[in-house]
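A.B. asks: Sharing a structure here in structure tokens format.
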Amino acid sequence: MQLIHCPWCGPREEVEFHYGGQADIAYPERPAELSDQEWAEYVFYRDNPKGTFAERWSHSAGCRRWFNAVRDTHTYRFLSTAKPRQKEVRV
Ligand SMILES: [Zn+2]
């Protein structure tokens, strides 16, 4: 069990959080022009690195807010968390 630093609530047990997938996935500028393959890539295809990965997390059993995190997928250790559009890094 590890503590995850919610940008609003501070450190809490990881069971209070919910994983939300890869961070910084931009909605298509012209969605009506996408092919089926391009839609499939937008909806389903995600990076799967071994190492540092930018993710979205929700403090689902706390303030229920979403935030960004950088996590090492090899060790599961959180390297930083931040409010959306916030550049400040907290661990
Ligand atoms: Zn929170």
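Ligands are numbered from 1 in the order shown, residues from 1 within each chain, and chains are lettered A, B, ... in the order they appear in the structure tokens.
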Output the neighbourhood of ligand 1 as a PyMOL selection string, that is, all protein and nucleic acid residues with some atom at most 8 Å from the ligand, counting only C-alpha atoms and all ligand atoms.
C.D. replies: chain A and resi 6-10+58-60+62-65
A.B. asks: Apply DSSP to the structure's backbone, then extract all residues of region 6-90 of chain A labelled strand (DSSP E or B) and return them as an MDAnalysis selection string.
C.D. replies: chainID A and resid 6 10:13 18:22 52:58 66:72 78:82 90
A.B. asks: Enter the distance from CA of Gly21 (chain A) to CA of Gln2 (chain A), in Å, rounded to one decimal.
C.D. replies: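 Between CA of Gly21 (chain A) and CA of Gln2 (chain A) the gap works out to 19.1 Å.
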A.B. asks: Please identify all polymer residues within 12 Å of region 33-48 of chain A, counting only C-alpha atoms, omitting same-chain residues fewer than 3 positions from it, and present them as a VMD selection string.
C.D. replies: chain A and resid 21 to 30 51 to 55 72 to 74
A.B. asks: Keeping only N, CA and C atoms, write those residues as a short mmCIF file (atom, residue, chain, number, x, y, z; two decimals), in the first residue's frame.
C.D. replies:
data_model
loop_
_atom_site.label_atom_id
_atom_site.label_comp_id
_atom_site.auth_asym_id
_atom_site.auth_seq_id
_atom_site.Cartn_x
_atom_site.Cartn_y
_atom_site.Cartn_z
N GLY A 21 -6.49 6.37 -17.03
CA GLY A 21 -5.86 6.22 -18.33
C GLY A 21 -4.77 7.24 -18.61
N GLN A 22 -4.31 7.21 -19.83
CA GLN A 22 -3.21 8.08 -20.25
C GLN A 22 -3.64 9.55 -20.24
N ALA A 23 -2.77 10.42 -19.81
CA ALA A 23 -3.05 11.86 -19.79
C ALA A 23 -2.74 12.48 -21.14
N ASP A 24 -3.32 13.67 -21.33
CA ASP A 24 -3.02 14.51 -22.50
C ASP A 24 -3.42 13.88 -23.83
N ILE A 25 -4.58 13.21 -23.85
CA ILE A 25 -5.13 12.71 -25.11
C ILE A 25 -6.07 13.80 -25.63
N ALA A 26 -5.69 14.44 -26.72
CA ALA A 26 -6.46 15.57 -27.25
C ALA A 26 -7.64 15.07 -28.07
N TYR A 27 -8.80 15.72 -27.88
CA TYR A 27 -9.97 15.41 -28.69
C TYR A 27 -9.69 15.86 -30.12
N PRO A 28 -10.09 15.09 -31.13
CA PRO A 28 -9.78 15.46 -32.52
C PRO A 28 -10.38 16.83 -32.89
N GLU A 29 -9.63 17.61 -33.65
CA GLU A 29 -10.12 18.93 -34.06
C GLU A 29 -11.31 18.83 -35.00
N ARG A 30 -11.30 17.87 -35.90
CA ARG A 30 -12.40 17.68 -36.85
C ARG A 30 -12.87 16.24 -36.78
N GLY A 51 8.20 2.30 -17.67
CA GLY A 51 8.92 3.44 -17.13
C GLY A 51 7.98 4.60 -16.88
N THR A 52 8.46 5.81 -17.08
CA THR A 52 7.70 7.01 -16.78
C THR A 52 6.51 7.16 -17.71
N PHE A 53 5.32 7.46 -17.11
CA PHE A 53 4.09 7.54 -17.88
C PHE A 53 3.18 8.62 -17.29
N ALA A 54 2.65 9.54 -18.13
CA ALA A 54 1.72 10.57 -17.68
C ALA A 54 0.30 10.00 -17.68
N GLU A 55 -0.39 10.11 -16.55
CA GLU A 55 -1.70 9.48 -16.39
C GLU A 55 -2.71 10.44 -15.77
N ASP A 72 5.92 5.72 -12.51
CA ASP A 72 6.84 4.75 -13.10
C ASP A 72 6.09 3.42 -13.19
N THR A 73 5.78 2.96 -14.39
CA THR A 73 4.99 1.75 -14.55
C THR A 73 5.76 0.48 -14.16
N HIS A 74 7.06 0.59 -14.04
CA HIS A 74 7.87 -0.56 -13.65
C HIS A 74 7.83 -0.77 -12.13
#
A.B. asks: Just want the 9 Å neighbourhood of His18 (chain A), counted on only C-alpha atoms, with same-chain residues fewer than 2 positions away dropped. Output as a list in words.
C.D. replies: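 Contacts, in chain order: Glu14, Val15, Glu16, Gly20, Arg56, Trp57, Ser58, His59, Ser60 and Ala61 of chain A.
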